[in-house]
Amino acid sequence: MNQQRTTFGSRLGIILATVGSAVGLGNIWRFPHTVGTNGGAAFLLVYAVCVLLLGFPVMMTEFFIGRHAKKNAAGAFKVLAPGTKWSIIGYNGILAAFLILGFYFVIAGWTLEYIFTSVTTSLDGKTVTDFEKEFTLFSSGIVRPLICTFLFICITHYIVSSGVKNGIERASKILMPMLFLIMTILCIRSLTLSGASEGLKFLFQPDFGKINSSTVLSAMGQAFFSLSIGMGCMITYSSYFGSKTNIQKTALQVTLLDSLVSVLSGMMIFPAVFHFGIEPTAGPELVFITLPNIFGQLSFGNVWACIFFILLAVAALTSTISLHEVGTAYIHEEYHVSRKRATLYVSLGVSVFCILSSLSFGVLKEATIFGLTFFNLLDFLTAKIMLPGGGMLICIFVGNRVDKKIIKAELTNIGSVPFYFFRAYYFFIKYIAPIAIGVIFLNELGLFKWIQTFF
Ligand code: TRP
């Protein structure tokens, strides 16, 4: 069975597909609005710490699990710890994949709408208010956003059902570098607007008074979300790695590239936000109301907009493929149904969540659960609870259940690549990461405030 498993074609293919999973709306849509609502630079700093100290080690650990077990997110734990309850980590991940797709597809659908409008309507003479109105009109509607969402689901469905190697690898090879290039151009335009320095200050000059418990939880959540970790996505992808893939290097490259794209995205958005007088705290619409304004400042703005949103849609696509793959690989391998059928089950299941989260920008706006709309609830549950929780359990599992020698052998390709900091890494995943994540959870629950009341 294991021998028949598809593997990624080339070493470059591995990096690109994995980066493709990590880089997506999380960097270009979620990162700026999370930075915006959490006060800017101070958040960025906490975020950087989370990426380095939690994200990177957890990613490497997921790579270890995936390549060692050569199985889907849940199956991997059955191989590594047969007959135990550890596969619950995998189930948490598979559920998270469904829930993330349940809101991710909606935003991905928005990118399609913006491709259409960049072709059909002119940007000329429009003001900030016009762009805001257009966005609200579109997102609060029923039919249009749903059509866009379903279109995106269909594209993802088609690629995932056609198989791992051909679909994922080819798509990401050319388009990711192009996205990077166009973002750099937009960044330059944004930085040359008057008042750009305000934006840079917001992004890079920390005001430590702004850090509170929810900043830390948000930063940790964003780190896990952006790096695609904590739910078995990287376990599933690394199960397709070849035996020569350098896990340490791959994890480092993915982490750095992903962070670079996020920072670039911040530098593209915030100078413009301050120039045009948009509220940094606008929330999920931040990017969609800021970008058209930047395009309006460029000659051939519509062309730029069109290219950019196509590339953003592709970045989102490589991420939705990876999320879809988690559920599909699980159903395909564990229930022995055909790959095509497994893909269909996932797509249909996810569609139900998508309908509800798309409508929560309009008709279901008032229908809140714990004060959150359905869309926000899915985002909160996954990014801030399930992913860090999953990451914590992954560390506890590998740190306590797996023989240290096996981990070292896998991470060094049986001794052929050196791992100078193995001890530090091991100490981190065994003690520091699980404790830190636990403390951040407890802090959010108000435990420390409660303790303070006694002093
Ligand atoms: N990381 C992707 C992004 O930033 C989204 C994503 C893909 C993801 N796979 C994931 C998030 C797995 C969490 C877990 O857009």
# chains A, B, ... in the order shown; residues from 1 in each chain; ligands from 1
call {"tool": "residues_near_ligand", "arguments": {"ligand": "ligand 1", "cutoff": "7 Å", "atoms": "only C-alpha atoms and all ligand atoms", "output": "PDB file with N, CA and C atoms, in the first residue's frame"}}
result
ATOM      1  N   SER A  21       0.540  25.851  -0.067  1.00  0.00           N
ATOM      2  CA  SER A  21      -0.441  25.622   0.990  1.00  0.00           C
ATOM      3  C   SER A  21      -0.381  26.734   2.032  1.00  0.00           C
ATOM      4  N   ALA A  22       0.828  27.112   2.397  1.00  0.00           N
ATOM      5  CA  ALA A  22       0.978  28.113   3.454  1.00  0.00           C
ATOM      6  C   ALA A  22       0.586  29.513   2.970  1.00  0.00           C
ATOM      7  N   VAL A  23       1.063  29.887   1.806  1.00  0.00           N
ATOM      8  CA  VAL A  23       0.778  31.239   1.322  1.00  0.00           C
ATOM      9  C   VAL A  23      -0.606  31.279   0.685  1.00  0.00           C
ATOM     10  N   GLY A  24      -1.409  32.188   1.176  1.00  0.00           N
ATOM     11  CA  GLY A  24      -2.764  32.264   0.636  1.00  0.00           C
ATOM     12  C   GLY A  24      -3.487  33.459   1.208  1.00  0.00           C
ATOM     13  N   LEU A  25      -4.786  33.321   1.340  1.00  0.00           N
ATOM     14  CA  LEU A  25      -5.573  34.427   1.886  1.00  0.00           C
ATOM     15  C   LEU A  25      -5.146  34.749   3.312  1.00  0.00           C
ATOM     16  N   GLY A  26      -4.587  33.751   3.988  1.00  0.00           N
ATOM     17  CA  GLY A  26      -4.105  33.972   5.345  1.00  0.00           C
ATOM     18  C   GLY A  26      -3.085  35.101   5.399  1.00  0.00           C
ATOM     19  N   ASN A  27      -2.246  35.178   4.375  1.00  0.00           N
ATOM     20  CA  ASN A  27      -1.213  36.216   4.347  1.00  0.00           C
ATOM     21  C   ASN A  27      -1.748  37.534   3.825  1.00  0.00           C
ATOM     22  N   ALA A  97     -10.264  21.246   8.995  1.00  0.00           N
ATOM     23  CA  ALA A  97     -10.176  21.482   7.556  1.00  0.00           C
ATOM     24  C   ALA A  97     -11.552  21.826   6.987  1.00  0.00           C
ATOM     25  N   PHE A 224      -0.428  29.984  13.347  1.00  0.00           N
ATOM     26  CA  PHE A 224      -0.821  28.615  12.986  1.00  0.00           C
ATOM     27  C   PHE A 224      -1.590  28.593  11.675  1.00  0.00           C
ATOM     28  N   PHE A 225      -2.494  29.557  11.529  1.00  0.00           N
ATOM     29  CA  PHE A 225      -3.313  29.594  10.323  1.00  0.00           C
ATOM     30  C   PHE A 225      -2.453  29.839   9.097  1.00  0.00           C
ATOM     31  N   SER A 226      -1.579  30.807   9.201  1.00  0.00           N
ATOM     32  CA  SER A 226      -0.791  31.191   8.046  1.00  0.00           C
ATOM     33  C   SER A 226       0.182  30.090   7.633  1.00  0.00           C
ATOM     34  N   LEU A 227       0.728  29.383   8.615  1.00  0.00           N
ATOM     35  CA  LEU A 227       1.700  28.340   8.286  1.00  0.00           C
ATOM     36  C   LEU A 227       1.026  27.006   7.964  1.00  0.00           C
ATOM     37  N   SER A 228      -0.292  26.980   7.986  1.00  0.00           N
ATOM     38  CA  SER A 228      -1.055  25.742   7.728  1.00  0.00           C
ATOM     39  C   SER A 228      -0.703  24.625   8.704  1.00  0.00           C
ATOM     40  N   ILE A 229      -0.509  24.960   9.968  1.00  0.00           N
ATOM     41  CA  ILE A 229      -0.121  23.910  10.907  1.00  0.00           C
ATOM     42  C   ILE A 229      -1.163  23.711  12.010  1.00  0.00           C
ATOM     43  N   GLY A 230      -1.039  22.613  12.715  1.00  0.00           N
ATOM     44  CA  GLY A 230      -1.910  22.338  13.860  1.00  0.00           C
ATOM     45  C   GLY A 230      -3.083  21.443  13.504  1.00  0.00           C
ATOM     46  N   MET A 231      -3.235  21.123  12.214  1.00  0.00           N
ATOM     47  CA  MET A 231      -4.382  20.303  11.864  1.00  0.00           C
ATOM     48  C   MET A 231      -4.070  19.199  10.865  1.00  0.00           C
ATOM     49  N   CYS A 233      -2.456  19.310   7.988  1.00  0.00           N
ATOM     50  CA  CYS A 233      -2.275  19.648   6.581  1.00  0.00           C
ATOM     51  C   CYS A 233      -0.834  19.331   6.176  1.00  0.00           C
ATOM     52  N   ALA A 316      -5.010  31.457  -3.217  1.00  0.00           N
ATOM     53  CA  ALA A 316      -6.072  30.883  -2.396  1.00  0.00           C
ATOM     54  C   ALA A 316      -6.326  29.444  -2.821  1.00  0.00           C
ATOM     55  N   SER A 319      -4.074  26.885  -1.456  1.00  0.00           N
ATOM     56  CA  SER A 319      -4.392  26.628  -0.048  1.00  0.00           C
ATOM     57  C   SER A 319      -5.661  25.794   0.090  1.00  0.00           C
ATOM     58  N   THR A 320      -6.702  26.127  -0.705  1.00  0.00           N
ATOM     59  CA  THR A 320      -7.932  25.330  -0.590  1.00  0.00           C
ATOM     60  C   THR A 320      -7.668  23.892  -1.017  1.00  0.00           C
ATOM     61  N   SER A 322      -4.940  22.254  -0.518  1.00  0.00           N
ATOM     62  CA  SER A 322      -4.289  21.553   0.589  1.00  0.00           C
ATOM     63  C   SER A 322      -5.276  21.229   1.701  1.00  0.00           C
ATOM     64  N   LEU A 323      -6.214  22.128   1.947  1.00  0.00           N
ATOM     65  CA  LEU A 323      -7.209  21.875   2.987  1.00  0.00           C
ATOM     66  C   LEU A 323      -8.158  20.760   2.553  1.00  0.00           C
ATOM     67  N   LEU A 387      -6.508  24.948  15.903  1.00  0.00           N
ATOM     68  CA  LEU A 387      -5.144  24.828  15.381  1.00  0.00           C
ATOM     69  C   LEU A 387      -4.092  24.862  16.493  1.00  0.00           C
TER      70      LEU A 387
END
call {"tool": "closest_atom_pairs", "arguments": {"of": "stretch 257-327 of chain A", "to": "stretch 335-352 of chain A", "cutoff": "9 Å", "atoms": "only C-alpha atoms", "output": "JSON lines"}}
result
{"residue": "A:His324", "atom": "CA", "partner": "A:Val346", "partner_atom": "CA", "distance": 7.0}
{"residue": "A:Glu325", "atom": "CA", "partner": "A:Thr343", "partner_atom": "CA", "distance": 8.1}
{"residue": "A:Gly327", "atom": "CA", "partner": "A:Val346", "partner_atom": "CA", "distance": 6.3}
call {"tool": "closest_atom_pairs", "arguments": {"of": "stretch 384-441 of chain A", "to": "stretch 69-74 of chain A", "cutoff": "12 Å", "atoms": "only C-alpha atoms", "output": "Markdown table"}}
result
| residue | atom | partner | partner_atom | distance |
| --- | --- | --- | --- | --- |
| A:Gly390 | CA | A:Ala73 | CA | 11.3 |
| A:Ile394 | CA | A:Ala73 | CA | 11.1 |
| A:Val402 | CA | A:Ala69 | CA | 11.9 |
| A:Ile406 | CA | A:Ala69 | CA | 11.5 |
| A:Ile407 | CA | A:Ala69 | CA | 11.6 |
| A:Glu410 | CA | A:Ala69 | CA | 10.5 |
call {"tool": "residues_around", "arguments": {"residues": "stretch 194-209 of chain A", "least_positions_apart": "2", "cutoff": "9 Å", "atoms": "only C-alpha atoms", "output": "PyMOL selection string"}}
result
chain A and resi 35-36+39-45+190-192+211-212+263+266-267+269-276
call {"tool": "write_last_selection", "arguments": {"atoms": "N, CA and C atoms", "output": "short mmCIF file (atom, residue, chain, number, x, y, z; two decimals), in the first residue's frame"}}
result
data_model
loop_
_atom_site.label_atom_id
_atom_site.label_comp_id
_atom_site.auth_asym_id
_atom_site.auth_seq_id
_atom_site.Cartn_x
_atom_site.Cartn_y
_atom_site.Cartn_z
N VAL A 35 -3.76 42.30 11.92
CA VAL A 35 -2.82 43.32 12.40
C VAL A 35 -3.60 44.61 12.69
N GLY A 36 -4.50 44.96 11.78
CA GLY A 36 -5.28 46.19 11.92
C GLY A 36 -6.14 46.20 13.17
N GLY A 39 -4.06 46.43 16.66
CA GLY A 39 -3.23 47.57 17.02
C GLY A 39 -1.89 47.71 16.33
N GLY A 40 -1.56 46.88 15.34
CA GLY A 40 -0.36 47.14 14.55
C GLY A 40 0.92 46.48 15.02
N ALA A 41 1.98 47.31 15.14
CA ALA A 41 3.34 46.79 15.32
C ALA A 41 3.53 45.86 16.52
N ALA A 42 2.88 46.18 17.64
CA ALA A 42 3.05 45.33 18.82
C ALA A 42 2.58 43.92 18.50
N PHE A 43 1.48 43.85 17.76
CA PHE A 43 0.97 42.55 17.34
C PHE A 43 1.97 41.84 16.45
N LEU A 44 2.55 42.60 15.52
CA LEU A 44 3.51 42.02 14.58
C LEU A 44 4.68 41.37 15.31
N LEU A 45 5.10 42.04 16.38
CA LEU A 45 6.22 41.52 17.15
C LEU A 45 5.85 40.20 17.82
N SER A 190 2.16 51.85 -3.05
CA SER A 190 1.56 52.21 -1.78
C SER A 190 2.52 53.06 -0.94
N LEU A 191 3.80 52.68 -0.96
CA LEU A 191 4.80 53.40 -0.15
C LEU A 191 5.10 54.81 -0.67
N THR A 192 4.78 55.05 -1.94
CA THR A 192 5.05 56.38 -2.48
C THR A 192 3.82 57.29 -2.41
N ILE A 211 -0.43 45.48 23.91
CA ILE A 211 -0.43 44.02 24.01
C ILE A 211 -1.29 43.57 25.20
N ASN A 212 -2.28 42.76 24.91
CA ASN A 212 -3.04 42.15 26.01
C ASN A 212 -3.28 40.68 25.68
N VAL A 263 4.47 40.09 5.57
CA VAL A 263 4.99 41.43 5.84
C VAL A 263 4.84 42.32 4.60
N GLY A 266 1.40 43.50 4.45
CA GLY A 266 1.19 44.60 5.39
C GLY A 266 1.72 45.92 4.83
N MET A 267 2.89 45.82 4.17
CA MET A 267 3.50 47.05 3.63
C MET A 267 2.76 47.55 2.40
N ILE A 269 -0.67 47.21 2.21
CA ILE A 269 -1.98 47.67 2.66
C ILE A 269 -1.90 48.92 3.55
N PHE A 270 -1.05 48.92 4.59
CA PHE A 270 -1.17 49.98 5.60
C PHE A 270 -0.82 51.40 5.15
N PRO A 271 0.24 51.57 4.34
CA PRO A 271 0.46 52.95 3.86
C PRO A 271 -0.78 53.47 3.14
N ALA A 272 -1.40 52.62 2.32
CA ALA A 272 -2.59 53.05 1.58
C ALA A 272 -3.77 53.30 2.53
N VAL A 273 -3.90 52.46 3.54
CA VAL A 273 -4.98 52.63 4.51
C VAL A 273 -4.94 54.03 5.12
N PHE A 274 -3.72 54.46 5.49
CA PHE A 274 -3.59 55.77 6.12
C PHE A 274 -3.73 56.90 5.09
N HIS A 275 -3.22 56.66 3.89
CA HIS A 275 -3.35 57.68 2.84
C HIS A 275 -4.81 57.95 2.51
N PHE A 276 -5.59 56.88 2.37
CA PHE A 276 -6.98 57.06 1.95
C PHE A 276 -7.94 57.28 3.12
#
call {"tool": "atom_distance", "arguments": {"atom1": "atom CA of A:Ser299", "atom2": "atom CA of A:Asp124"}}
result
10.0 Å
call {"tool": "residues_around", "arguments": {"residues": "stretch 139-150 of chain A", "least_positions_apart": "6", "cutoff": "12 Å", "atoms": "only C-alpha atoms", "output": "PyMOL selection string"}}
result
chain A and resi 101-116+132-133+156-157+284-285+288-289+313+317+320+347-348+350-365
call {"tool": "write_last_selection", "arguments": {"atoms": "C-alpha atoms", "output": "PDB file, in the first residue's frame"}}
result
ATOM      1  CA  LEU A 101     -12.929  25.701   4.137  1.00  0.00           C
ATOM      2  CA  GLY A 102     -16.390  26.708   5.309  1.00  0.00           C
ATOM      3  CA  PHE A 103     -15.284  30.339   5.481  1.00  0.00           C
ATOM      4  CA  TYR A 104     -12.147  30.314   3.330  1.00  0.00           C
ATOM      5  CA  PHE A 105     -14.088  29.493   0.169  1.00  0.00           C
ATOM      6  CA  VAL A 106     -16.275  32.535   0.750  1.00  0.00           C
ATOM      7  CA  ILE A 107     -13.329  34.934   0.708  1.00  0.00           C
ATOM      8  CA  ALA A 108     -11.793  33.008  -2.174  1.00  0.00           C
ATOM      9  CA  GLY A 109     -15.088  33.563  -3.988  1.00  0.00           C
ATOM     10  CA  TRP A 110     -14.773  37.294  -3.360  1.00  0.00           C
ATOM     11  CA  THR A 111     -11.486  37.286  -5.273  1.00  0.00           C
ATOM     12  CA  LEU A 112     -13.373  35.916  -8.292  1.00  0.00           C
ATOM     13  CA  GLU A 113     -15.936  38.709  -8.053  1.00  0.00           C
ATOM     14  CA  TYR A 114     -13.099  41.226  -8.014  1.00  0.00           C
ATOM     15  CA  ILE A 115     -11.616  39.637 -11.126  1.00  0.00           C
ATOM     16  CA  PHE A 116     -14.968  40.033 -12.887  1.00  0.00           C
ATOM     17  CA  GLU A 132     -16.779  50.641   0.337  1.00  0.00           C
ATOM     18  CA  LYS A 133     -20.372  50.814  -0.854  1.00  0.00           C
ATOM     19  CA  THR A 156     -10.791  23.092  -6.160  1.00  0.00           C
ATOM     20  CA  HIS A 157     -12.894  19.969  -6.486  1.00  0.00           C
ATOM     21  CA  PRO A 284     -12.463  41.172   6.904  1.00  0.00           C
ATOM     22  CA  GLU A 285     -13.228  43.793   4.259  1.00  0.00           C
ATOM     23  CA  PHE A 288     -11.065  44.456  -0.394  1.00  0.00           C
ATOM     24  CA  ILE A 289     -11.735  48.130   0.212  1.00  0.00           C
ATOM     25  CA  ALA A 313      -7.246  33.533  -6.464  1.00  0.00           C
ATOM     26  CA  LEU A 317      -6.519  27.870  -4.652  1.00  0.00           C
ATOM     27  CA  THR A 320      -7.932  25.330  -0.590  1.00  0.00           C
ATOM     28  CA  SER A 347     -17.009  19.308  -1.398  1.00  0.00           C
ATOM     29  CA  LEU A 348     -20.640  18.669  -0.543  1.00  0.00           C
ATOM     30  CA  VAL A 350     -18.093  22.014   2.980  1.00  0.00           C
ATOM     31  CA  SER A 351     -20.725  23.671   0.793  1.00  0.00           C
ATOM     32  CA  VAL A 352     -23.211  23.648   3.649  1.00  0.00           C
ATOM     33  CA  PHE A 353     -20.854  25.650   5.887  1.00  0.00           C
ATOM     34  CA  CYS A 354     -20.031  27.973   3.008  1.00  0.00           C
ATOM     35  CA  ILE A 355     -23.658  28.904   2.427  1.00  0.00           C
ATOM     36  CA  LEU A 356     -24.117  29.840   6.068  1.00  0.00           C
ATOM     37  CA  SER A 357     -20.907  31.849   6.300  1.00  0.00           C
ATOM     38  CA  SER A 358     -21.523  33.701   3.061  1.00  0.00           C
ATOM     39  CA  LEU A 359     -25.012  34.661   4.201  1.00  0.00           C
ATOM     40  CA  SER A 360     -23.662  35.858   7.529  1.00  0.00           C
ATOM     41  CA  PHE A 361     -22.452  39.010   5.766  1.00  0.00           C
ATOM     42  CA  GLY A 362     -26.031  39.813   4.803  1.00  0.00           C
ATOM     43  CA  VAL A 363     -29.299  38.204   5.793  1.00  0.00           C
ATOM     44  CA  LEU A 364     -27.775  36.191   8.647  1.00  0.00           C
ATOM     45  CA  LYS A 365     -25.796  39.107  10.039  1.00  0.00           C
TER      46      LYS A 365
END
call {"tool": "closest_residue", "arguments": {"among": "A:Pro57, A:Pro177, A:Gly93, A:Gly283", "to": "A:Pro32", "atoms": "only C-alpha atoms"}}
result
A:Gly283
call {"tool": "atom_distance", "arguments": {"atom1": "atom CA of A:Val326", "atom2": "atom CA of A:Leu377"}}
result
21.2 Å
call {"tool": "closest_residue", "arguments": {"among": "A:Asn246, A:Ser161, A:Ser122, A:Thr34", "to": "A:Ala409", "atoms": "only C-alpha atoms"}}
result
A:Asn246
